[in-house]
file target-v2.tsv (TSV, N, CA and C atoms)
chain	number	residue	atom	x	y	z
A	846	MET	N	98.25	28.78	69.84
A	846	MET	CA	97.21	27.76	69.92
A	846	MET	C	97.39	26.68	68.85
A	847	SER	N	98.14	26.98	67.79
A	847	SER	CA	98.34	25.96	66.76
A	847	SER	C	99.15	24.79	67.31
A	848	ASN	N	100.06	25.07	68.26
A	848	ASN	CA	100.81	23.98	68.88
A	848	ASN	C	99.90	23.06	69.68
A	849	VAL	N	98.91	23.65	70.35
A	849	VAL	CA	97.94	22.84	71.11
A	849	VAL	C	97.16	21.95	70.16
A	850	ALA	N	96.75	22.50	69.03
A	850	ALA	CA	96.00	21.71	68.05
A	850	ALA	C	96.87	20.57	67.51
A	851	GLY	N	98.15	20.83	67.31
A	851	GLY	CA	99.04	19.80	66.82
A	851	GLY	C	99.22	18.66	67.82
A	852	VAL	N	99.39	19.01	69.09
A	852	VAL	CA	99.56	17.98	70.12
A	852	VAL	C	98.26	17.20	70.30
A	853	LEU	N	97.13	17.90	70.27
A	853	LEU	CA	95.83	17.20	70.37
A	853	LEU	C	95.65	16.24	69.19
A	854	GLY	N	96.04	16.68	68.01
A	854	GLY	CA	95.95	15.81	66.83
A	854	GLY	C	96.81	14.57	66.97
A	855	LEU	N	98.02	14.74	67.51
A	855	LEU	CA	98.89	13.59	67.74
A	855	LEU	C	98.29	12.63	68.76
A	856	ALA	N	97.70	13.18	69.82
A	856	ALA	CA	97.06	12.34	70.84
A	856	ALA	C	95.90	11.54	70.25
A	857	LEU	N	95.15	12.16	69.35
A	857	LEU	CA	94.04	11.46	68.70
A	857	LEU	C	94.54	10.33	67.82
A	858	ARG	N	95.58	10.61	67.04
A	858	ARG	CA	96.12	9.58	66.14
A	858	ARG	C	96.77	8.45	66.92
A	859	ALA	N	97.30	8.75	68.11
A	859	ALA	CA	97.90	7.72	68.95
A	859	ALA	C	96.87	6.98	69.79
A	860	ARG	N	95.62	7.37	69.66
A	860	ARG	CA	94.51	6.78	70.42
A	860	ARG	C	94.70	6.94	71.92
A	861	LYS	N	95.18	8.11	72.30
A	861	LYS	CA	95.37	8.46	73.71
A	861	LYS	C	94.40	9.56	74.12
A	862	ALA	N	93.20	9.55	73.51
A	862	ALA	CA	92.18	10.55	73.81
A	862	ALA	C	90.82	9.87	73.80
A	863	ALA	N	89.90	10.44	74.58
A	863	ALA	CA	88.54	9.91	74.65
A	863	ALA	C	87.54	11.04	74.41
A	864	PHE	N	86.40	10.70	73.81
A	864	PHE	CA	85.33	11.66	73.52
A	864	PHE	C	84.02	11.21	74.14
A	865	GLY	N	83.07	12.11	74.18
A	865	GLY	CA	81.71	11.78	74.56
A	865	GLY	C	81.57	11.25	75.97
A	866	GLU	N	80.79	10.18	76.12
A	866	GLU	CA	80.56	9.59	77.43
A	866	GLU	C	81.84	8.98	78.00
A	867	GLN	N	82.78	8.64	77.14
A	867	GLN	CA	84.04	8.07	77.60
A	867	GLN	C	84.86	9.08	78.41
A	868	VAL	N	84.59	10.37	78.22
A	868	VAL	CA	85.30	11.39	78.99
A	868	VAL	C	84.96	11.23	80.47
A	869	LEU	N	83.68	11.14	80.79
A	869	LEU	CA	83.28	10.98	82.19
A	869	LEU	C	83.78	9.66	82.77
A	870	LYS	N	83.72	8.59	81.97
A	870	LYS	CA	84.20	7.30	82.45
A	870	LYS	C	85.70	7.32	82.71
A	871	SER	N	86.45	8.01	81.86
A	871	SER	CA	87.90	8.07	82.06
A	871	SER	C	88.25	8.95	83.26
A	872	ILE	N	87.43	9.96	83.54
A	872	ILE	CA	87.65	10.78	84.73
A	872	ILE	C	87.39	9.95	85.97
A	873	GLN	N	86.24	9.27	85.99
A	873	GLN	CA	85.88	8.48	87.16
A	873	GLN	C	86.83	7.31	87.38
A	874	GLY	N	87.35	6.73	86.32
A	874	GLY	CA	88.31	5.64	86.43
A	874	GLY	C	89.73	6.14	86.65
A	875	GLN	N	89.89	7.45	86.68
A	875	GLN	CA	91.17	8.13	86.87
A	875	GLN	C	92.20	7.74	85.82
A	876	HIS	N	91.71	7.54	84.58
A	876	HIS	CA	92.59	7.28	83.45
A	876	HIS	C	92.95	8.58	82.75
A	877	ALA	N	92.10	9.60	82.90
A	877	ALA	CA	92.33	10.88	82.25
A	877	ALA	C	93.45	11.63	82.96
A	878	LYS	N	94.35	12.20	82.18
A	878	LYS	CA	95.45	13.00	82.74
A	878	LYS	C	95.18	14.49	82.58
A	879	LEU	N	94.31	14.84	81.62
A	879	LEU	CA	93.93	16.22	81.35
A	879	LEU	C	92.60	16.19	80.61
A	880	VAL	N	91.71	17.11	80.94
A	880	VAL	CA	90.44	17.23	80.24
A	880	VAL	C	90.42	18.58	79.53
A	881	VAL	N	90.16	18.54	78.23
A	881	VAL	CA	90.08	19.74	77.41
A	881	VAL	C	88.61	20.01	77.16
A	882	ILE	N	88.14	21.19	77.57
A	882	ILE	CA	86.72	21.54	77.47
A	882	ILE	C	86.58	22.72	76.52
A	883	SER	N	85.58	22.65	75.65
A	883	SER	CA	85.30	23.74	74.71
A	883	SER	C	84.76	24.94	75.47
A	884	ASP	N	85.13	26.14	75.01
A	884	ASP	CA	84.63	27.35	75.66
A	884	ASP	C	83.16	27.62	75.35
A	885	THR	N	82.59	26.91	74.36
A	885	THR	CA	81.18	27.07	74.04
A	885	THR	C	80.32	25.95	74.62
A	886	CYS	N	80.89	25.18	75.51
A	886	CYS	CA	80.18	24.08	76.14
A	886	CYS	C	79.02	24.63	76.97
A	887	GLY	N	77.93	23.92	77.05
A	887	GLY	CA	76.78	24.35	77.83
A	887	GLY	C	77.09	24.40	79.32
A	888	ASN	N	76.32	25.19	80.03
A	888	ASN	CA	76.56	25.39	81.46
A	888	ASN	C	76.46	24.09	82.26
A	889	ASN	N	75.47	23.26	81.96
A	889	ASN	CA	75.30	22.00	82.70
A	889	ASN	C	76.47	21.05	82.46
A	890	THR	N	76.86	20.91	81.20
A	890	THR	CA	77.98	20.04	80.86
A	890	THR	C	79.28	20.57	81.45
A	891	ARG	N	79.47	21.88	81.37
A	891	ARG	CA	80.68	22.50	81.93
A	891	ARG	C	80.77	22.24	83.43
A	892	LYS	N	79.65	22.43	84.15
A	892	LYS	CA	79.64	22.22	85.59
A	892	LYS	C	79.92	20.76	85.93
A	893	LYS	N	79.30	19.85	85.18
A	893	LYS	CA	79.50	18.42	85.44
A	893	LYS	C	80.96	18.04	85.26
A	894	LEU	N	81.58	18.48	84.17
A	894	LEU	CA	82.98	18.14	83.90
A	894	LEU	C	83.93	18.78	84.91
A	895	VAL	N	83.70	20.04	85.22
A	895	VAL	CA	84.58	20.74	86.18
A	895	VAL	C	84.45	20.12	87.57
A	896	ASP	N	83.23	19.79	87.98
A	896	ASP	CA	83.03	19.17	89.30
A	896	ASP	C	83.69	17.79	89.37
A	897	LYS	N	83.55	16.98	88.32
A	897	LYS	CA	84.18	15.65	88.31
A	897	LYS	C	85.70	15.78	88.34
A	898	CYS	N	86.24	16.69	87.54
A	898	CYS	CA	87.69	16.89	87.52
A	898	CYS	C	88.20	17.37	88.87
A	899	SER	N	87.48	18.26	89.49
A	899	SER	CA	87.89	18.76	90.80
A	899	SER	C	87.85	17.66	91.85
A	900	PHE	N	86.81	16.84	91.82
A	900	PHE	CA	86.67	15.76	92.79
A	900	PHE	C	87.80	14.74	92.66
A	901	TYR	N	88.14	14.38	91.41
A	901	TYR	CA	89.16	13.36	91.17
A	901	TYR	C	90.56	13.95	90.98
A	902	HIS	N	90.71	15.25	91.18
A	902	HIS	CA	92.01	15.94	91.09
A	902	HIS	C	92.66	15.78	89.72
A	903	ILE	N	91.86	16.00	88.67
A	903	ILE	CA	92.35	15.92	87.30
A	903	ILE	C	92.34	17.33	86.72
A	904	PRO	N	93.45	17.80	86.17
A	904	PRO	CA	93.48	19.16	85.62
A	904	PRO	C	92.59	19.27	84.38
A	905	TYR	N	92.08	20.48	84.16
A	905	TYR	CA	91.25	20.74	82.99
A	905	TYR	C	91.59	22.12	82.44
A	906	ILE	N	91.36	22.28	81.15
A	906	ILE	CA	91.59	23.56	80.50
A	906	ILE	C	90.42	23.86	79.58
A	907	PHE	N	90.23	25.12	79.27
A	907	PHE	CA	89.22	25.56	78.31
A	907	PHE	C	89.94	26.07	77.07
A	908	ILE	N	89.51	25.62	75.90
A	908	ILE	CA	90.07	26.13	74.65
A	908	ILE	C	88.93	26.49	73.71
A	909	GLU	N	89.30	27.15	72.62
A	909	GLU	CA	88.30	27.59	71.65
A	909	GLU	C	87.66	26.40	70.95
A	910	ASP	N	86.38	26.55	70.65
A	910	ASP	CA	85.61	25.47	70.04
A	910	ASP	C	86.14	25.09	68.67
A	911	ASP	N	86.63	26.07	67.90
A	911	ASP	CA	87.09	25.75	66.55
A	911	ASP	C	88.34	24.87	66.54
A	912	ILE	N	89.14	24.91	67.61
A	912	ILE	CA	90.31	24.02	67.68
A	912	ILE	C	89.86	22.58	67.85
A	913	ILE	N	88.88	22.34	68.72
A	913	ILE	CA	88.37	20.98	68.91
A	913	ILE	C	87.71	20.48	67.63
A	914	SER	N	86.94	21.34	66.95
A	914	SER	CA	86.29	20.95	65.70
A	914	SER	C	87.32	20.64	64.63
A	915	GLN	N	88.39	21.43	64.59
A	915	GLN	CA	89.44	21.26	63.58
A	915	GLN	C	90.14	19.92	63.72
A	916	ILE	N	90.48	19.53	64.93
A	916	ILE	CA	91.25	18.31	65.10
A	916	ILE	C	90.39	17.06	65.12
A	917	SER	N	89.13	17.19	65.57
A	917	SER	CA	88.29	15.99	65.65
A	917	SER	C	87.55	15.72	64.35
A	918	GLY	N	87.40	16.74	63.52
A	918	GLY	CA	86.69	16.55	62.28
A	918	GLY	C	85.18	16.61	62.43
A	919	ARG	N	84.72	16.87	63.64
A	919	ARG	CA	83.28	16.96	63.91
A	919	ARG	C	83.04	18.23	64.72
A	920	GLY	N	81.91	18.87	64.45
A	920	GLY	CA	81.61	20.11	65.13
A	920	GLY	C	80.92	19.96	66.47
A	921	ASN	N	80.45	18.76	66.79
A	921	ASN	CA	79.65	18.60	67.99
A	921	ASN	C	80.43	18.11	69.20
A	922	ARG	N	81.74	18.00	69.11
A	922	ARG	CA	82.55	17.55	70.25
A	922	ARG	C	82.81	18.74	71.17
A	923	LYS	N	82.56	18.55	72.45
A	923	LYS	CA	82.73	19.63	73.40
A	923	LYS	C	83.79	19.35	74.44
A	924	SER	N	84.26	18.11	74.52
A	924	SER	CA	85.31	17.80	75.50
A	924	SER	C	86.14	16.62	75.01
A	925	ILE	N	87.40	16.63	75.44
A	925	ILE	CA	88.33	15.56	75.11
A	925	ILE	C	89.10	15.22	76.38
A	926	ALA	N	89.23	13.94	76.68
A	926	ALA	CA	90.05	13.49	77.80
A	926	ALA	C	91.36	12.96	77.23
A	927	ILE	N	92.46	13.52	77.68
A	927	ILE	CA	93.78	13.06	77.27
A	927	ILE	C	94.21	11.96	78.24
A	928	LEU	N	94.56	10.80	77.71
A	928	LEU	CA	94.83	9.62	78.53
A	928	LEU	C	96.31	9.34	78.76
A	929	ASP	N	97.19	10.18	78.23
A	929	ASP	CA	98.62	9.98	78.35
A	929	ASP	C	99.25	11.19	79.03
A	930	GLN	N	100.09	10.95	80.02
A	930	GLN	CA	100.69	12.05	80.78
A	930	GLN	C	101.62	12.90	79.92
A	931	GLY	N	102.32	12.29	78.99
A	931	GLY	CA	103.22	13.04	78.11
A	931	GLY	C	102.47	14.04	77.25
A	932	PHE	N	101.36	13.61	76.65
A	932	PHE	CA	100.55	14.52	75.85
A	932	PHE	C	99.94	15.61	76.73
A	933	ALA	N	99.50	15.25	77.92
A	933	ALA	CA	98.91	16.23	78.84
A	933	ALA	C	99.94	17.29	79.21
A	934	ASP	N	101.17	16.88	79.51
A	934	ASP	CA	102.23	17.82	79.85
A	934	ASP	C	102.57	18.73	78.67
A	935	SER	N	102.57	18.17	77.47
A	935	SER	CA	102.87	18.96	76.27
A	935	SER	C	101.81	20.03	76.03
A	936	ILE	N	100.55	19.66	76.20
A	936	ILE	CA	99.47	20.63	75.99
A	936	ILE	C	99.55	21.73	77.03
A	937	GLN	N	99.76	21.38	78.27
A	937	GLN	CA	99.86	22.39	79.32
A	937	GLN	C	101.08	23.28	79.10
A	938	GLY	N	102.18	22.71	78.61
A	938	GLY	CA	103.37	23.48	78.32
A	938	GLY	C	103.15	24.47	77.18
A	939	CYS	N	102.39	24.06	76.17
A	939	CYS	CA	102.08	24.96	75.06
A	939	CYS	C	101.25	26.15	75.52
A	940	LEU	N	100.37	25.93	76.46
A	940	LEU	CA	99.51	27.01	76.94
A	940	LEU	C	100.25	27.96	77.87
A	941	LYS	N	101.25	27.46	78.58
A	941	LYS	CA	101.99	28.31	79.52
A	941	LYS	C	103.00	29.21	78.82
A	942	GLY	N	103.58	28.70	77.77
A	942	GLY	CA	104.65	29.48	77.17
A	942	GLY	C	104.71	29.44	75.73

call {"tool": "encode", "arguments": {"input": "target-v2.tsv", "output": "structure tokens"}}
result
Amino acid sequence: MSNVAGVLGLALRARKAAFGEQVLKSIQGQHAKLVVISDTCGNNTRKKLVDKCSFYHIPYIFIEDDIISQISGRGNRKSIAILDQGFADSIQGCLKG
């Protein structure tokens, strides 16, 4: 999981990630290539994000909340939209192998 945190950190520094309300906007605008959702996300927020991703055919993953807090520097972030296909592929590759 440390590799995932590293790639997420790089995506943030490269400004290829979105937080908060921008996550839903990037999904609807089909700019998001991958959505990272915290495992401690509330049921309503989880359902909304999963349904939007499913409708727009955008992959999503669930990761531990402390990884999102570690890389974002804030404890209240529950989702991140990755806006670059290269970073999205790297994150998915880290989780597969």

call {"tool": "residues_around", "arguments": {"input": "target-v2.tsv", "residues": "Gln873 (chain A)", "least_positions_apart": "6", "cutoff": "12 Å", "atoms": "only C-alpha atoms", "output": "list of chain:residue names"}}
result
A:Glu866, A:Gln867, A:Lys893, A:Leu894, A:Asp896, A:Lys897, A:Cys898, A:Ser899, A:Phe900, A:Tyr901, A:His902, A:Ile903, A:Ala926

call {"tool": "closest_residue", "arguments": {"input": "target-v2.tsv", "among": "A:Pro904, A:Ser847, A:Ser924, A:Arg891", "to": "Ala877 (chain A)", "atoms": "only N, CA and C atoms"}}
result
A:Pro904

call {"tool": "atom_distance", "arguments": {"input": "target-v2.tsv", "atom1": "CA of Gln915 (chain A)", "atom2": "atom C of Lys941 (chain A)"}}
result
21.9 Å

call {"tool": "closest_residue", "arguments": {"input": "target-v2.tsv", "among": "A:Val849, A:Ala863, A:Gln875, A:Gly887", "to": "Ile912 (chain A)", "atoms": "all atoms listed in the file"}}
result
A:Val849

call {"tool": "closest_residue", "arguments": {"input": "target-v2.tsv", "among": "A:Asp929, A:Ser917, A:Lys923, A:Lys892", "to": "Gly851 (chain A)", "atoms": "only C-alpha atoms"}}
result
A:Ser917

call {"tool": "atom_distance", "arguments": {"input": "target-v2.tsv", "atom1": "atom C of Ser935 (chain A)", "atom2": "CA of Asn921 (chain A)"}}
result
23.6 Å

call {"tool": "closest_residue", "arguments": {"input": "target-v2.tsv", "among": "A:Phe932, A:Lys861, A:Gly938, A:Ile927", "to": "His876 (chain A)", "atoms": "only N, CA and C atoms"}}
result
A:Ile927

call {"tool": "closest_residue", "arguments": {"input": "target-v2.tsv", "among": "A:Ile916, A:Ile936, A:Ile882, A:Val895", "to": "Gly854 (chain A)", "atoms": "only C-alpha atoms"}}
result
A:Ile916

call {"tool": "atom_distance", "arguments": {"input": "target-v2.tsv", "atom1": "CA of Tyr905 (chain A)", "atom2": "atom N of Ser883 (chain A)"}}
result
9.5 Å

call {"tool": "select_by_dssp", "arguments": {"input": "target-v2.tsv", "residues": "chain A", "states": "alpha helix (DSSP H)", "output": "MDAnalysis selection string"}}
result
chainID A and resid 847:858 866:873 888:901 910:917 930:941

call {"tool": "write_last_selection", "arguments": {"input": "target-v2.tsv", "atoms": "N, CA and C atoms", "output": "short mmCIF file (atom, residue, chain, number, x, y, z; two decimals), in the frame of the given file"}}
result
data_model
loop_
_atom_site.label_atom_id
_atom_site.label_comp_id
_atom_site.auth_asym_id
_atom_site.auth_seq_id
_atom_site.Cartn_x
_atom_site.Cartn_y
_atom_site.Cartn_z
N SER A 847 98.14 26.98 67.79
CA SER A 847 98.34 25.96 66.76
C SER A 847 99.15 24.79 67.31
N ASN A 848 100.06 25.07 68.26
CA ASN A 848 100.81 23.98 68.88
C ASN A 848 99.90 23.06 69.68
N VAL A 849 98.91 23.65 70.35
CA VAL A 849 97.94 22.84 71.11
C VAL A 849 97.16 21.95 70.16
N ALA A 850 96.75 22.50 69.03
CA ALA A 850 96.00 21.71 68.05
C ALA A 850 96.87 20.57 67.51
N GLY A 851 98.15 20.83 67.31
CA GLY A 851 99.04 19.80 66.82
C GLY A 851 99.22 18.66 67.82
N VAL A 852 99.39 19.01 69.09
CA VAL A 852 99.56 17.98 70.12
C VAL A 852 98.26 17.20 70.30
N LEU A 853 97.13 17.90 70.27
CA LEU A 853 95.83 17.20 70.37
C LEU A 853 95.65 16.24 69.19
N GLY A 854 96.04 16.68 68.01
CA GLY A 854 95.95 15.81 66.83
C GLY A 854 96.81 14.57 66.97
N LEU A 855 98.02 14.74 67.51
CA LEU A 855 98.89 13.59 67.74
C LEU A 855 98.29 12.63 68.76
N ALA A 856 97.70 13.18 69.82
CA ALA A 856 97.06 12.34 70.84
C ALA A 856 95.90 11.54 70.25
N LEU A 857 95.15 12.16 69.35
CA LEU A 857 94.04 11.46 68.70
C LEU A 857 94.54 10.33 67.82
N ARG A 858 95.58 10.61 67.04
CA ARG A 858 96.12 9.58 66.14
C ARG A 858 96.77 8.45 66.92
N GLU A 866 80.79 10.18 76.12
CA GLU A 866 80.56 9.59 77.43
C GLU A 866 81.84 8.98 78.00
N GLN A 867 82.78 8.64 77.14
CA GLN A 867 84.04 8.07 77.60
C GLN A 867 84.86 9.08 78.41
N VAL A 868 84.59 10.37 78.22
CA VAL A 868 85.30 11.39 78.99
C VAL A 868 84.96 11.23 80.47
N LEU A 869 83.68 11.14 80.79
CA LEU A 869 83.28 10.98 82.19
C LEU A 869 83.78 9.66 82.77
N LYS A 870 83.72 8.59 81.97
CA LYS A 870 84.20 7.30 82.45
C LYS A 870 85.70 7.32 82.71
N SER A 871 86.45 8.01 81.86
CA SER A 871 87.90 8.07 82.06
C SER A 871 88.25 8.95 83.26
N ILE A 872 87.43 9.96 83.54
CA ILE A 872 87.65 10.78 84.73
C ILE A 872 87.39 9.95 85.97
N GLN A 873 86.24 9.27 85.99
CA GLN A 873 85.88 8.48 87.16
C GLN A 873 86.83 7.31 87.38
N ASN A 888 76.32 25.19 80.03
CA ASN A 888 76.56 25.39 81.46
C ASN A 888 76.46 24.09 82.26
N ASN A 889 75.47 23.26 81.96
CA ASN A 889 75.30 22.00 82.70
C ASN A 889 76.47 21.05 82.46
N THR A 890 76.86 20.91 81.20
CA THR A 890 77.98 20.04 80.86
C THR A 890 79.28 20.57 81.45
N ARG A 891 79.47 21.88 81.37
CA ARG A 891 80.68 22.50 81.93
C ARG A 891 80.77 22.24 83.43
N LYS A 892 79.65 22.43 84.15
CA LYS A 892 79.64 22.22 85.59
C LYS A 892 79.92 20.76 85.93
N LYS A 893 79.30 19.85 85.18
CA LYS A 893 79.50 18.42 85.44
C LYS A 893 80.96 18.04 85.26
N LEU A 894 81.58 18.48 84.17
CA LEU A 894 82.98 18.14 83.90
C LEU A 894 83.93 18.78 84.91
N VAL A 895 83.70 20.04 85.22
CA VAL A 895 84.58 20.74 86.18
C VAL A 895 84.45 20.12 87.57
N ASP A 896 83.23 19.79 87.98
CA ASP A 896 83.03 19.17 89.30
C ASP A 896 83.69 17.79 89.37
N LYS A 897 83.55 16.98 88.32
CA LYS A 897 84.18 15.65 88.31
C LYS A 897 85.70 15.78 88.34
N CYS A 898 86.24 16.69 87.54
CA CYS A 898 87.69 16.89 87.52
C CYS A 898 88.20 17.37 88.87
N SER A 899 87.48 18.26 89.49
CA SER A 899 87.89 18.76 90.80
C SER A 899 87.85 17.66 91.85
N PHE A 900 86.81 16.84 91.82
CA PHE A 900 86.67 15.76 92.79
C PHE A 900 87.80 14.74 92.66
N TYR A 901 88.14 14.38 91.41
CA TYR A 901 89.16 13.36 91.17
C TYR A 901 90.56 13.95 90.98
N ASP A 910 86.38 26.55 70.65
CA ASP A 910 85.61 25.47 70.04
C ASP A 910 86.14 25.09 68.67
N ASP A 911 86.63 26.07 67.90
CA ASP A 911 87.09 25.75 66.55
C ASP A 911 88.34 24.87 66.54
N ILE A 912 89.14 24.91 67.61
CA ILE A 912 90.31 24.02 67.68
C ILE A 912 89.86 22.58 67.85
N ILE A 913 88.88 22.34 68.72
CA ILE A 913 88.37 20.98 68.91
C ILE A 913 87.71 20.48 67.63
N SER A 914 86.94 21.34 66.95
CA SER A 914 86.29 20.95 65.70
C SER A 914 87.32 20.64 64.63
N GLN A 915 88.39 21.43 64.59
CA GLN A 915 89.44 21.26 63.58
C GLN A 915 90.14 19.92 63.72
N ILE A 916 90.48 19.53 64.93
CA ILE A 916 91.25 18.31 65.10
C ILE A 916 90.39 17.06 65.12
N SER A 917 89.13 17.19 65.57
CA SER A 917 88.29 15.99 65.65
C SER A 917 87.55 15.72 64.35
N GLN A 930 100.09 10.95 80.02
CA GLN A 930 100.69 12.05 80.78
C GLN A 930 101.62 12.90 79.92
N GLY A 931 102.32 12.29 78.99
CA GLY A 931 103.22 13.04 78.11
C GLY A 931 102.47 14.04 77.25
N PHE A 932 101.36 13.61 76.65
CA PHE A 932 100.55 14.52 75.85
C PHE A 932 99.94 15.61 76.73
N ALA A 933 99.50 15.25 77.92
CA ALA A 933 98.91 16.23 78.84
C ALA A 933 99.94 17.29 79.21
N ASP A 934 101.17 16.88 79.51
CA ASP A 934 102.23 17.82 79.85
C ASP A 934 102.57 18.73 78.67
N SER A 935 102.57 18.17 77.47
CA SER A 935 102.87 18.96 76.27
C SER A 935 101.81 20.03 76.03
N ILE A 936 100.55 19.66 76.20
CA ILE A 936 99.47 20.63 75.99
C ILE A 936 99.55 21.73 77.03
N GLN A 937 99.76 21.38 78.27
CA GLN A 937 99.86 22.39 79.32
C GLN A 937 101.08 23.28 79.10
N GLY A 938 102.18 22.71 78.61
CA GLY A 938 103.37 23.48 78.32
C GLY A 938 103.15 24.47 77.18
N CYS A 939 102.39 24.06 76.17
CA CYS A 939 102.08 24.96 75.06
C CYS A 939 101.25 26.15 75.52
N LEU A 940 100.37 25.93 76.46
CA LEU A 940 99.51 27.01 76.94
C LEU A 940 100.25 27.96 77.87
N LYS A 941 101.25 27.46 78.58
CA LYS A 941 101.99 28.31 79.52
C LYS A 941 103.00 29.21 78.82
#

call {"tool": "select_by_dssp", "arguments": {"input": "target-v2.tsv", "residues": "region 860-893 of chain A", "states": "strand (DSSP E)", "output": "list of chain:residue names"}}
result
A:Ala862, A:Ala863, A:Phe864, A:Leu879, A:Val880, A:Val881, A:Ile882, A:Ser883
